[in-house]
$ cat start.csv   # CSV, C-alpha atoms
chain,number,residue,atom,x,y,z
A,289,MET,CA,0.0,0.0,0.0
A,290,SER,CA,1.4,3.3,-1.0
A,291,GLN,CA,0.5,6.1,1.4
A,292,LEU,CA,1.9,9.6,1.7
A,293,GLU,CA,1.4,12.0,4.6
A,294,ILE,CA,1.5,15.7,4.1
A,295,LYS,CA,1.4,18.4,6.7
A,296,ILE,CA,1.1,22.2,6.1
A,297,GLY,CA,1.8,24.8,8.8
A,298,GLY,CA,1.6,28.5,8.7
A,299,PHE,CA,-0.5,31.3,10.2
A,300,GLY,CA,-4.0,32.5,9.6
A,301,GLY,CA,-4.6,34.3,6.3
A,302,GLN,CA,-2.0,32.3,4.3
A,303,GLY,CA,-4.6,29.8,3.1
A,304,VAL,CA,-3.1,26.8,4.7
A,305,ILE,CA,-6.5,25.0,5.2
A,306,LEU,CA,-7.6,25.6,1.6
A,307,ALA,CA,-4.3,24.4,0.3
A,308,ALA,CA,-4.6,21.1,2.1
A,309,GLU,CA,-8.2,20.7,1.1
A,310,ILE,CA,-7.3,21.1,-2.5
A,311,ILE,CA,-4.6,18.4,-2.4
A,312,GLY,CA,-7.2,16.1,-0.9
A,313,ARG,CA,-9.7,16.9,-3.6
A,314,ALA,CA,-7.2,16.6,-6.4
A,315,ALA,CA,-6.0,13.2,-5.2
A,316,ALA,CA,-9.4,11.7,-4.5
A,317,ILE,CA,-11.6,13.2,-7.2
A,318,PHE,CA,-9.2,13.6,-10.1
A,319,ASP,CA,-6.4,11.2,-9.4
A,320,GLY,CA,-8.7,8.4,-8.3
A,321,LYS,CA,-7.1,7.8,-4.9
A,322,TYR,CA,-8.2,8.0,-1.3
A,323,ALA,CA,-7.5,11.1,0.8
A,324,THR,CA,-8.3,12.3,4.3
A,325,PHE,CA,-8.1,15.8,5.5
A,326,THR,CA,-7.6,16.6,9.2
A,327,ARG,CA,-7.1,19.7,11.2
A,328,SER,CA,-6.8,20.3,14.9
A,329,PHE,CA,-8.1,23.2,16.7
A,330,GLY,CA,-6.5,23.9,20.1
A,331,PRO,CA,-4.7,26.7,22.0
A,332,GLU,CA,-2.5,27.4,19.0
A,333,ALA,CA,-5.6,28.1,16.8
A,334,ARG,CA,-6.4,30.9,19.3
A,335,GLY,CA,-2.9,32.3,18.7
A,336,GLY,CA,-3.4,32.5,14.9
A,337,ALA,CA,-1.4,29.5,13.9
A,338,ALA,CA,-2.9,27.2,11.3
A,339,SER,CA,-2.1,23.7,10.3
A,340,ALA,CA,-3.8,20.9,8.3
A,341,GLN,CA,-2.9,17.4,7.3
A,342,VAL,CA,-3.7,15.3,4.3
A,343,ILE,CA,-3.1,11.7,3.6
A,344,VAL,CA,-3.1,10.5,0.1
A,345,SER,CA,-3.3,6.7,-0.5
A,346,ASP,CA,-4.0,4.1,-3.1
A,347,ASP,CA,-6.2,2.3,-0.7
A,348,LYS,CA,-8.8,3.1,2.0
A,349,ILE,CA,-7.2,5.0,4.9
A,350,LEU,CA,-7.7,3.3,8.2
A,351,TYR,CA,-5.8,5.6,10.5
A,352,PRO,CA,-6.0,9.2,9.2
A,353,TYR,CA,-3.8,11.0,11.8
A,354,VAL,CA,-0.5,12.2,10.4
A,355,THR,CA,2.3,11.7,12.9
A,356,ARG,CA,5.4,11.5,10.7
A,357,PRO,CA,4.7,13.5,7.6
A,358,ASN,CA,6.6,12.5,4.4
A,359,ILE,CA,6.1,16.0,3.1
A,360,LEU,CA,6.2,19.0,5.4
A,361,VAL,CA,5.3,22.4,4.1
A,362,ILE,CA,6.2,25.3,6.4
A,363,MET,CA,5.1,28.8,5.8
A,364,SER,CA,6.1,30.5,9.1
A,365,GLN,CA,9.0,30.4,11.5
A,366,GLU,CA,6.5,29.5,14.3
A,367,ALA,CA,5.3,26.5,12.3
A,368,PHE,CA,8.9,25.4,11.7
A,369,ARG,CA,9.6,25.6,15.5
A,370,ARG,CA,6.4,23.7,16.2
A,371,TYR,CA,6.3,21.0,13.5
A,372,GLY,CA,9.9,20.8,12.0
A,373,SER,CA,10.9,17.8,14.1
A,374,GLU,CA,7.9,15.8,13.0
A,375,LEU,CA,9.2,15.3,9.4
A,376,ALA,CA,10.1,11.7,8.6
A,377,ALA,CA,13.9,11.1,8.3
A,378,ASP,CA,13.5,10.4,4.5
A,379,GLY,CA,11.0,13.1,4.1
A,380,THR,CA,10.8,16.3,2.0
A,381,LEU,CA,10.8,19.8,3.6
A,382,ILE,CA,9.3,22.6,1.6
A,383,ILE,CA,9.7,26.1,3.1
A,384,GLU,CA,8.6,29.6,2.3
A,385,ASN,CA,12.1,31.0,1.7
A,386,ASP,CA,11.6,34.6,2.8
A,387,LEU,CA,9.6,33.7,6.0
A,388,VAL,CA,11.4,30.6,7.3
A,389,ARG,CA,15.0,29.9,8.3
A,390,ALA,CA,15.5,26.2,8.6
A,391,GLY,CA,19.0,26.4,10.0
A,392,ASP,CA,22.1,24.4,9.2
A,393,SER,CA,20.7,20.9,9.6
A,394,PRO,CA,17.1,21.0,8.5
A,395,PRO,CA,15.0,17.9,9.2
A,396,GLY,CA,14.3,15.3,6.5
A,397,LYS,CA,16.3,14.1,3.5
A,398,GLN,CA,15.8,17.0,1.2
A,399,MET,CA,14.7,20.6,1.3
A,400,PHE,CA,13.2,22.9,-1.3
A,401,GLY,CA,12.5,26.6,-0.8
A,402,ILE,CA,10.4,29.1,-2.7
A,403,PRO,CA,9.7,32.8,-2.1
A,404,ALA,CA,6.0,32.2,-2.5
A,405,THR,CA,4.8,35.4,-0.9
A,406,ARG,CA,7.0,37.5,-3.2
A,407,LEU,CA,6.0,35.6,-6.3
A,408,ALA,CA,2.3,36.0,-5.4
A,409,GLU,CA,2.8,39.7,-4.9
A,410,GLU,CA,4.3,39.9,-8.4
A,411,LEU,CA,1.1,38.4,-9.7
A,412,GLY,CA,-0.7,41.2,-8.0
A,413,ARG,CA,-2.3,39.4,-5.0
A,414,LYS,CA,-0.3,38.2,-2.0
A,415,ILE,CA,-3.3,36.1,-1.0
A,416,VAL,CA,-2.6,33.5,-3.7
A,417,LEU,CA,0.7,32.5,-2.1
A,418,ASN,CA,-0.9,29.2,-1.2
A,419,MET,CA,-1.5,28.4,-4.9
A,420,VAL,CA,2.2,29.2,-5.6
A,421,ILE,CA,3.1,26.8,-2.9
A,422,LEU,CA,0.8,24.2,-4.3
A,423,GLY,CA,2.3,24.5,-7.7
A,424,PHE,CA,5.8,24.2,-6.2
A,425,LEU,CA,4.8,21.1,-4.2
A,426,THR,CA,3.3,19.5,-7.2
A,427,ALA,CA,6.5,20.0,-9.2
A,428,VAL,CA,9.0,18.8,-6.6
A,429,THR,CA,7.0,15.9,-5.1
A,430,GLY,CA,4.7,14.6,-7.8
A,431,VAL,CA,2.3,13.5,-5.0
A,432,VAL,CA,-0.6,14.7,-7.2
A,433,GLY,CA,-1.0,15.2,-10.9
A,434,ALA,CA,-0.6,18.8,-12.1
A,435,GLU,CA,-3.8,18.6,-14.2
A,436,SER,CA,-5.8,17.2,-11.2
A,437,MET,CA,-4.5,20.1,-9.1
A,438,ARG,CA,-5.7,22.6,-11.7
A,439,LYS,CA,-9.2,21.1,-11.8
A,440,ALA,CA,-9.4,21.0,-8.0
A,441,ILE,CA,-8.2,24.6,-7.7
A,442,ALA,CA,-10.7,25.8,-10.3
A,443,GLU,CA,-13.6,24.3,-8.4
A,444,SER,CA,-12.4,25.3,-4.9
A,445,VAL,CA,-11.7,29.0,-5.3
A,446,PRO,CA,-14.2,31.8,-5.4
A,447,HIS,CA,-15.9,32.4,-8.7
A,448,GLY,CA,-14.1,34.9,-10.8
A,449,THR,CA,-10.7,34.2,-9.2
A,450,GLU,CA,-10.0,31.0,-11.0
A,451,ASP,CA,-7.7,32.6,-13.5
A,452,LEU,CA,-5.5,34.4,-10.9
A,453,ASN,CA,-5.3,31.3,-8.8
A,454,LEU,CA,-4.3,29.1,-11.7
A,455,ARG,CA,-1.6,31.6,-12.8
A,456,ALA,CA,-0.3,31.5,-9.3
A,457,PHE,CA,-0.2,27.7,-9.4
A,458,GLN,CA,1.6,27.8,-12.7
A,459,ARG,CA,4.2,30.2,-11.3
A,460,GLY,CA,5.0,27.9,-8.5
A,461,TYR,CA,4.9,24.9,-10.7
A,462,GLU,CA,7.5,26.3,-13.1
A,463,PHE,CA,9.7,27.5,-10.3
A,464,GLY,CA,9.5,23.9,-8.9
A,465,LEU,CA,10.4,22.3,-12.2
A,466,ALA,CA,13.4,24.5,-12.6
A,467,GLU,CA,14.4,23.7,-9.0
A,468,VAL,CA,14.1,19.9,-9.6
A,469,LYS,CA,16.1,20.2,-12.8
A,470,GLN,CA,18.8,22.1,-11.0
A,471,ALA,CA,18.9,19.6,-8.1
A,472,GLY,CA,19.0,16.7,-10.5
A,473,VAL,CA,16.0,15.1,-8.7
A,474,THR,CA,13.2,13.3,-10.6
A,475,SER,CA,9.9,13.5,-8.9
B,232,MET,CA,-11.6,12.7,30.0
B,233,SER,CA,-14.8,13.9,28.4
B,234,GLN,CA,-14.8,13.5,24.7
B,235,LEU,CA,-17.7,13.6,22.2
B,236,GLU,CA,-17.6,12.4,18.6
B,237,ILE,CA,-19.9,14.0,16.1
B,238,LYS,CA,-20.5,12.9,12.5
B,239,ILE,CA,-22.5,14.8,9.8
B,240,GLY,CA,-23.5,13.2,6.6
B,241,GLY,CA,-25.5,14.5,3.6
B,242,PHE,CA,-24.9,15.5,0.0
B,243,GLY,CA,-22.9,18.2,-1.7
B,244,GLY,CA,-24.5,21.7,-1.5
B,245,GLN,CA,-26.0,21.1,2.0
B,246,GLY,CA,-23.1,22.7,3.7
B,247,VAL,CA,-22.1,19.6,5.6
B,248,ILE,CA,-18.4,20.5,5.7
B,249,LEU,CA,-18.9,24.1,6.9
B,250,ALA,CA,-21.3,22.9,9.6
B,251,ALA,CA,-18.7,20.5,11.0
B,252,GLU,CA,-16.0,23.2,10.8
B,253,ILE,CA,-18.1,25.6,12.7
B,254,ILE,CA,-18.7,23.2,15.6
B,255,GLY,CA,-14.9,22.7,15.8
B,256,ARG,CA,-14.2,26.4,15.8
B,257,ALA,CA,-16.9,27.1,18.4
B,258,ALA,CA,-15.7,24.4,20.7
B,259,ALA,CA,-11.9,25.2,20.4
B,260,ILE,CA,-11.8,29.0,20.0
B,261,PHE,CA,-14.8,30.1,22.1
B,262,ASP,CA,-15.5,27.2,24.5
B,263,GLY,CA,-11.9,26.7,25.3
B,264,LYS,CA,-11.8,23.0,24.4
B,265,TYR,CA,-9.9,20.9,21.9
B,266,ALA,CA,-11.4,19.9,18.6
B,267,THR,CA,-10.3,18.0,15.5
B,268,PHE,CA,-12.0,18.1,12.2
B,269,THR,CA,-11.7,15.2,9.7
B,270,ARG,CA,-13.1,14.4,6.4
B,271,SER,CA,-12.5,11.6,4.0
B,272,PHE,CA,-12.5,11.9,0.2
B,273,GLY,CA,-13.1,8.6,-1.6
B,274,PRO,CA,-15.3,7.1,-4.2
B,275,GLU,CA,-18.4,8.5,-2.4
B,276,ALA,CA,-17.1,12.0,-2.8
B,277,ARG,CA,-17.1,11.5,-6.6
B,278,GLY,CA,-20.8,10.5,-6.2
B,279,GLY,CA,-21.7,13.8,-4.5
B,280,ALA,CA,-21.9,12.4,-1.0
B,281,ALA,CA,-20.4,14.6,1.8
B,282,SER,CA,-19.4,13.8,5.3
B,283,ALA,CA,-17.3,15.3,8.0
B,284,GLN,CA,-16.4,14.4,11.6
B,285,VAL,CA,-15.6,16.5,14.6
B,286,ILE,CA,-14.3,15.5,18.0
B,287,VAL,CA,-14.7,17.9,20.9
B,288,SER,CA,-12.8,17.2,24.0
B,289,ASP,CA,-11.7,18.7,27.3
B,290,ASP,CA,-8.2,17.4,26.6
B,291,LYS,CA,-5.8,17.0,23.8
B,292,ILE,CA,-7.1,14.5,21.2
B,293,LEU,CA,-4.8,11.7,20.5
B,294,TYR,CA,-6.8,9.6,18.1
B,295,PRO,CA,-9.0,11.9,15.9
B,296,TYR,CA,-10.8,9.3,13.9
B,297,VAL,CA,-14.5,9.0,14.7
B,298,THR,CA,-15.6,5.3,14.6
B,299,ARG,CA,-18.6,5.3,16.9
B,300,PRO,CA,-20.1,8.8,16.9
B,301,ASN,CA,-22.1,9.9,20.0
B,302,ILE,CA,-24.0,12.4,17.8
B,303,LEU,CA,-24.9,11.5,14.2
B,304,VAL,CA,-26.5,14.2,12.0
B,305,ILE,CA,-28.0,12.8,8.9
B,306,MET,CA,-29.2,15.0,6.0
B,307,SER,CA,-29.9,12.5,3.2
B,308,GLN,CA,-31.3,9.0,2.9
B,309,GLU,CA,-28.1,7.9,1.3
B,310,ALA,CA,-26.1,9.1,4.3
B,311,PHE,CA,-28.5,7.3,6.6
B,312,ARG,CA,-28.0,4.1,4.7
B,313,ARG,CA,-24.2,4.6,4.8
B,314,TYR,CA,-23.6,5.8,8.3
B,315,GLY,CA,-26.7,5.0,10.4
B,316,SER,CA,-25.2,1.8,11.9
B,317,GLU,CA,-22.1,3.7,13.1
B,318,LEU,CA,-24.0,5.6,15.9
B,319,ALA,CA,-23.1,4.5,19.4
B,320,ALA,CA,-25.8,2.5,21.2
B,321,ASP,CA,-26.3,5.4,23.7
B,322,GLY,CA,-25.9,8.0,21.0
B,323,THR,CA,-28.2,10.7,19.6
B,324,LEU,CA,-29.5,10.7,16.1
B,325,ILE,CA,-30.5,14.0,14.4
B,326,ILE,CA,-32.2,13.8,11.1
B,327,GLU,CA,-33.5,16.2,8.4
B,328,ASN,CA,-37.2,15.2,8.8
B,329,ASP,CA,-38.3,15.8,5.3
B,330,LEU,CA,-35.3,14.1,3.6
B,331,VAL,CA,-34.7,11.1,5.9
B,332,ARG,CA,-36.8,8.1,6.9
B,333,ALA,CA,-35.1,6.4,9.8
B,334,GLY,CA,-37.5,3.4,10.0
B,335,ASP,CA,-39.1,1.8,13.0
B,336,SER,CA,-36.0,1.1,15.0
B,337,PRO,CA,-33.6,3.9,14.5
B,338,PRO,CA,-30.0,3.5,15.8
B,339,GLY,CA,-28.9,5.1,19.1
B,340,LYS,CA,-30.8,5.9,22.2
B,341,GLN,CA,-32.7,9.0,21.1
B,342,MET,CA,-33.7,10.7,17.9
B,343,PHE,CA,-34.6,14.2,17.0
B,344,GLY,CA,-35.9,15.4,13.7
B,345,ILE,CA,-36.2,18.8,12.1
B,346,PRO,CA,-37.5,20.0,8.7
B,347,ALA,CA,-34.4,22.1,8.3
B,348,THR,CA,-34.7,22.6,4.5
B,349,ARG,CA,-38.2,23.9,4.8
B,350,LEU,CA,-37.4,26.2,7.7
B,351,ALA,CA,-34.4,27.6,5.7
B,352,GLU,CA,-36.7,28.2,2.7
B,353,GLU,CA,-39.1,30.1,5.0
B,354,LEU,CA,-36.1,32.4,5.8
B,355,GLY,CA,-35.7,33.0,2.1
B,356,ARG,CA,-32.5,30.9,1.4
B,357,LYS,CA,-32.5,27.1,1.3
B,358,ILE,CA,-28.7,27.3,1.5
B,359,VAL,CA,-28.8,28.1,5.2
B,360,LEU,CA,-30.3,24.7,6.1
B,361,ASN,CA,-26.9,23.8,7.7
B,362,MET,CA,-27.2,26.7,10.1
B,363,VAL,CA,-30.8,25.6,11.0
B,364,ILE,CA,-29.3,22.1,11.8
B,365,LEU,CA,-26.5,23.7,13.9
B,366,GLY,CA,-29.0,25.6,16.0
B,367,PHE,CA,-31.0,22.5,16.5
B,368,LEU,CA,-28.0,20.4,17.4
B,369,THR,CA,-26.9,23.1,19.9
B,370,ALA,CA,-30.3,23.0,21.6
B,371,VAL,CA,-30.8,19.3,21.8
B,372,THR,CA,-27.3,18.2,22.6
B,373,GLY,CA,-25.6,21.1,24.4
B,374,VAL,CA,-22.2,19.9,23.0
B,375,VAL,CA,-21.2,23.5,22.4
B,376,GLY,CA,-22.4,26.8,23.8
B,377,ALA,CA,-25.0,28.7,21.8
B,378,GLU,CA,-23.1,32.0,22.1
B,379,SER,CA,-19.8,30.2,21.0
B,380,MET,CA,-21.7,28.9,18.0
B,381,ARG,CA,-23.0,32.4,17.1
B,382,LYS,CA,-19.5,33.8,17.2
B,383,ALA,CA,-18.0,30.9,15.2
B,384,ILE,CA,-20.8,31.3,12.6
B,385,ALA,CA,-20.3,35.1,12.3
B,386,GLU,CA,-16.6,34.6,11.5
B,387,SER,CA,-17.0,31.6,9.2
B,388,VAL,CA,-19.7,32.7,6.7
B,389,PRO,CA,-19.2,35.1,3.8
B,390,HIS,CA,-19.2,38.8,4.7
B,391,GLY,CA,-22.7,40.3,4.4
B,392,THR,CA,-24.5,37.0,5.1
B,393,GLU,CA,-23.9,36.9,8.9
B,394,ASP,CA,-27.4,38.1,9.7
B,395,LEU,CA,-29.2,35.6,7.6
B,396,ASN,CA,-27.0,32.7,8.9
B,397,LEU,CA,-27.5,33.8,12.5
B,398,ARG,CA,-31.3,34.0,12.0
B,399,ALA,CA,-31.2,30.5,10.5
B,400,PHE,CA,-29.2,29.3,13.6
B,401,GLN,CA,-31.7,30.9,15.9
B,402,ARG,CA,-34.7,29.3,14.1
B,403,GLY,CA,-33.2,25.8,14.5
B,404,TYR,CA,-32.2,26.6,18.1
B,405,GLU,CA,-35.7,27.6,19.1
B,406,PHE,CA,-37.1,24.6,17.3
B,407,GLY,CA,-34.7,22.4,19.3
B,408,LEU,CA,-35.5,24.0,22.6
B,409,ALA,CA,-39.2,23.4,22.1
B,410,GLU,CA,-38.4,19.8,21.1
B,411,VAL,CA,-36.4,19.2,24.2
B,412,LYS,CA,-39.1,20.7,26.4
B,413,GLN,CA,-41.6,18.5,24.8
B,414,ALA,CA,-39.5,15.4,25.2
B,415,GLY,CA,-38.7,16.3,28.8
B,416,VAL,CA,-35.0,15.9,28.1
B,417,THR,CA,-32.4,18.3,29.6
B,418,SER,CA,-29.4,18.8,27.5

$ encode --input "start.csv" --output "structure tokens"
Amino acid sequence: MSQLEIKIGGFGGQGVILAAEIIGRAAAIFDGKYATFTRSFGPEARGGAASAQVIVSDDKILYPYVTRPNILVIMSQEAFRRYGSELAADGTLIIENDLVRAGDSPPGKQMFGIPATRLAEELGRKIVLNMVILGFLTAVTGVVGAESMRKAIAESVPHGTEDLNLRAFQRGYEFGLAEVKQAGVTS
Amino acid sequence: MSQLEIKIGGFGGQGVILAAEIIGRAAAIFDGKYATFTRSFGPEARGGAASAQVIVSDDKILYPYVTRPNILVIMSQEAFRRYGSELAADGTLIIENDLVRAGDSPPGKQMFGIPATRLAEELGRKIVLNMVILGFLTAVTGVVGAESMRKAIAESVPHGTEDLNLRAFQRGYEFGLAEVKQAGVTS
């Protein structure tokens, strides 16, 4: 059974929850897999932190709680401090380059960084940084198909904003493809 | 440790996901408890079915998967067929009266019904049936505080629709209070 656990952490307003939700939809509805989406509300939610977890699997998921994510997406320093150590030893760390310092020995096996907020701002709306991140994740991990992600995005974002969100996805996707090429990694 | 598991099932467009999300926010952010929100995407998601699960607890939640809900909210016959048998023996079943037939021996210890779709239509917008259901659930189960639910609704629904959604909540809440009074149950 092939199963991948993804965790996304950041702060409120970065679109963490929607990003995780879209991965789940893309995997289950358009890639024909199973997915679960989980989020916890606790004291940290009151402080403005946001995190969400997705499991993508070829088979039905029996235990949906992510404990050792294979892919950890970190969009704030606070989220890095809180969740960094959870990443599996052979896992992939993805950080928002301008917001997160991962230090000299980041957790996991490989790390990719993207200045998602800045790229989103260049597209005119900082709010689409989560779509930039999704494009990047799709390119560097291959956990979901790019076309499935585009479909899931189109049906998950507010009417009239599909084009902007898809351009943001594309920006992150191309940034990721270039990164992978440079690193010599095949996803 | 006091822990309550809630499952909501229906079909796409009934606002199942948002309803579950609001319970989690109300419990964690305004009632000072812990909550987890989980949803699964699988073949049934492709068929238009929707379900979501919330656990509300006084303590940190270690295992967030709902297997035997204490409260089961059913908004479609298909959801009843699929999830009805999961309800705990001493659990509470809440059904959308006009859409669900629970049969002669419904699962659980007690059952409450509300014509939520019709009540929402009377308020002018069928789409707020999920808020009617939330008001009803709050009154008959007491799992979250009414004031916490109102605050969570106000910050979770689209700007400009707060008033309509809160009126729908209130309609369901009053319907539930009357029901509880009649049944001689104290929540």

$ closest_atom_pairs --input "start.csv" --of "chain A" --to "chain B" --cutoff "7 Å" --atoms "only C-alpha atoms" --output "Markdown table"
| residue | atom | partner | partner_atom | distance |
| --- | --- | --- | --- | --- |
| A:Gly312 | CA | B:Phe272 | CA | 6.9 |
| A:Arg313 | CA | B:Phe272 | CA | 6.9 |
| A:Ala316 | CA | B:Gly273 | CA | 5.6 |
| A:Ile317 | CA | B:Arg277 | CA | 5.8 |
| A:Lys321 | CA | B:Gly273 | CA | 6.9 |
| A:Tyr322 | CA | B:Gly273 | CA | 4.9 |
| A:Ala323 | CA | B:Phe272 | CA | 5.1 |
| A:Thr324 | CA | B:Ser271 | CA | 4.3 |
| A:Phe325 | CA | B:Arg270 | CA | 5.3 |
| A:Thr326 | CA | B:Thr269 | CA | 4.4 |
| A:Arg327 | CA | B:Phe268 | CA | 5.3 |
| A:Ser328 | CA | B:Thr267 | CA | 4.2 |
| A:Phe329 | CA | B:Ala266 | CA | 5.0 |
| A:Gly330 | CA | B:Tyr265 | CA | 4.9 |
| A:Arg334 | CA | B:Ile260 | CA | 5.8 |
| A:Pro352 | CA | B:Tyr296 | CA | 6.7 |
| A:Tyr353 | CA | B:Pro295 | CA | 6.7 |

$ write_last_selection --input "start.csv" --atoms "C-alpha atoms" --output "tab-separated table (two decimals), in the frame of the given file"
chain	number	residue	atom	x	y	z
A	312	GLY	CA	-7.20	16.10	-0.90
A	313	ARG	CA	-9.70	16.90	-3.60
A	316	ALA	CA	-9.40	11.70	-4.50
A	317	ILE	CA	-11.60	13.20	-7.20
A	321	LYS	CA	-7.10	7.80	-4.90
A	322	TYR	CA	-8.20	8.00	-1.30
A	323	ALA	CA	-7.50	11.10	0.80
A	324	THR	CA	-8.30	12.30	4.30
A	325	PHE	CA	-8.10	15.80	5.50
A	326	THR	CA	-7.60	16.60	9.20
A	327	ARG	CA	-7.10	19.70	11.20
A	328	SER	CA	-6.80	20.30	14.90
A	329	PHE	CA	-8.10	23.20	16.70
A	330	GLY	CA	-6.50	23.90	20.10
A	334	ARG	CA	-6.40	30.90	19.30
A	352	PRO	CA	-6.00	9.20	9.20
A	353	TYR	CA	-3.80	11.00	11.80

$ closest_residue --input "start.csv" --among "A:Phe368, A:Ala377, A:Ser339, A:Asp319" --to "A:Lys295" --atoms "only C-alpha atoms"
A:Ser339

$ residues_around --input "start.csv" --residues "B:Gln245" --least-positions-apart "5" --cutoff "12 Å" --atoms "all atoms listed in the file" --output "compact mmCIF listing (two decimals) with C-alpha atoms, keeping the file's coordinate frame"
# COMPACT_ATOMS: atom_id res chain seq x y z
CA ILE B 239 -22.50 14.80 9.80
CA GLY B 240 -23.50 13.20 6.60
CA ALA B 250 -21.30 22.90 9.60
CA ALA B 251 -18.70 20.50 11.00
CA GLY B 279 -21.70 13.80 -4.50
CA ALA B 280 -21.90 12.40 -1.00
CA ALA B 281 -20.40 14.60 1.80
CA SER B 282 -19.40 13.80 5.30
CA ILE B 305 -28.00 12.80 8.90
CA MET B 306 -29.20 15.00 6.00
CA SER B 307 -29.90 12.50 3.20
CA GLU B 327 -33.50 16.20 8.40
CA LEU B 330 -35.30 14.10 3.60
CA ALA B 347 -34.40 22.10 8.30
CA THR B 348 -34.70 22.60 4.50
CA ALA B 351 -34.40 27.60 5.70
CA ARG B 356 -32.50 30.90 1.40
CA LYS B 357 -32.50 27.10 1.30
CA ILE B 358 -28.70 27.30 1.50
CA VAL B 359 -28.80 28.10 5.20
CA LEU B 360 -30.30 24.70 6.10
CA ASN B 361 -26.90 23.80 7.70
CA MET B 362 -27.20 26.70 10.10
CA VAL B 363 -30.80 25.60 11.00
CA ILE B 364 -29.30 22.10 11.80

$ atom_distance --input "start.csv" --atom1 "atom CA of B:Ser379" --atom2 "atom CA of B:Val247"
18.8 Å

$ residues_around --input "start.csv" --residues "A:Leu306" --least-positions-apart "5" --cutoff "9 Å" --atoms "all atoms listed in the file" --output "list in words"
Ile311, Asn418, Ser444 and Val445 of chain A

$ atom_distance --input "start.csv" --atom1 "atom CA of B:Lys412" --atom2 "atom CA of B:Val371"
9.6 Å

$ decode --input "start.csv" --residues "stretch 401-412 of chain A" --atoms "N, CA and C atoms" --output "compact mmCIF listing (two decimals), in the first residue's frame"
# COMPACT_ATOMS: atom_id res chain seq x y z
N GLY A 401 13.04 25.34 -1.25
CA GLY A 401 12.51 26.61 -0.79
C GLY A 401 12.00 27.46 -1.93
N ILE A 402 10.97 28.24 -1.66
CA ILE A 402 10.41 29.13 -2.68
C ILE A 402 9.93 30.42 -2.02
N PRO A 403 10.24 31.57 -2.62
CA PRO A 403 9.75 32.84 -2.08
C PRO A 403 8.30 33.06 -2.52
N ALA A 404 7.40 32.24 -2.01
CA ALA A 404 6.02 32.19 -2.53
C ALA A 404 5.27 33.51 -2.35
N THR A 405 5.50 34.15 -1.20
CA THR A 405 4.79 35.40 -0.94
C THR A 405 5.18 36.45 -1.98
N ARG A 406 6.49 36.55 -2.23
CA ARG A 406 6.99 37.52 -3.20
C ARG A 406 6.47 37.21 -4.61
N LEU A 407 6.48 35.96 -4.99
CA LEU A 407 5.97 35.58 -6.32
C LEU A 407 4.48 35.90 -6.43
N ALA A 408 3.74 35.68 -5.35
CA ALA A 408 2.30 35.99 -5.36
C ALA A 408 2.08 37.49 -5.50
N GLU A 409 2.92 38.25 -4.80
CA GLU A 409 2.81 39.71 -4.90
C GLU A 409 3.09 40.18 -6.32
N GLU A 410 4.04 39.52 -6.98
CA GLU A 410 4.34 39.89 -8.38
C GLU A 410 3.15 39.64 -9.29
N LEU A 411 2.31 38.66 -8.91
CA LEU A 411 1.10 38.39 -9.69
C LEU A 411 -0.03 39.35 -9.30
N GLY A 412 0.23 40.18 -8.30
CA GLY A 412 -0.74 41.22 -7.96
C GLY A 412 -1.53 40.97 -6.69
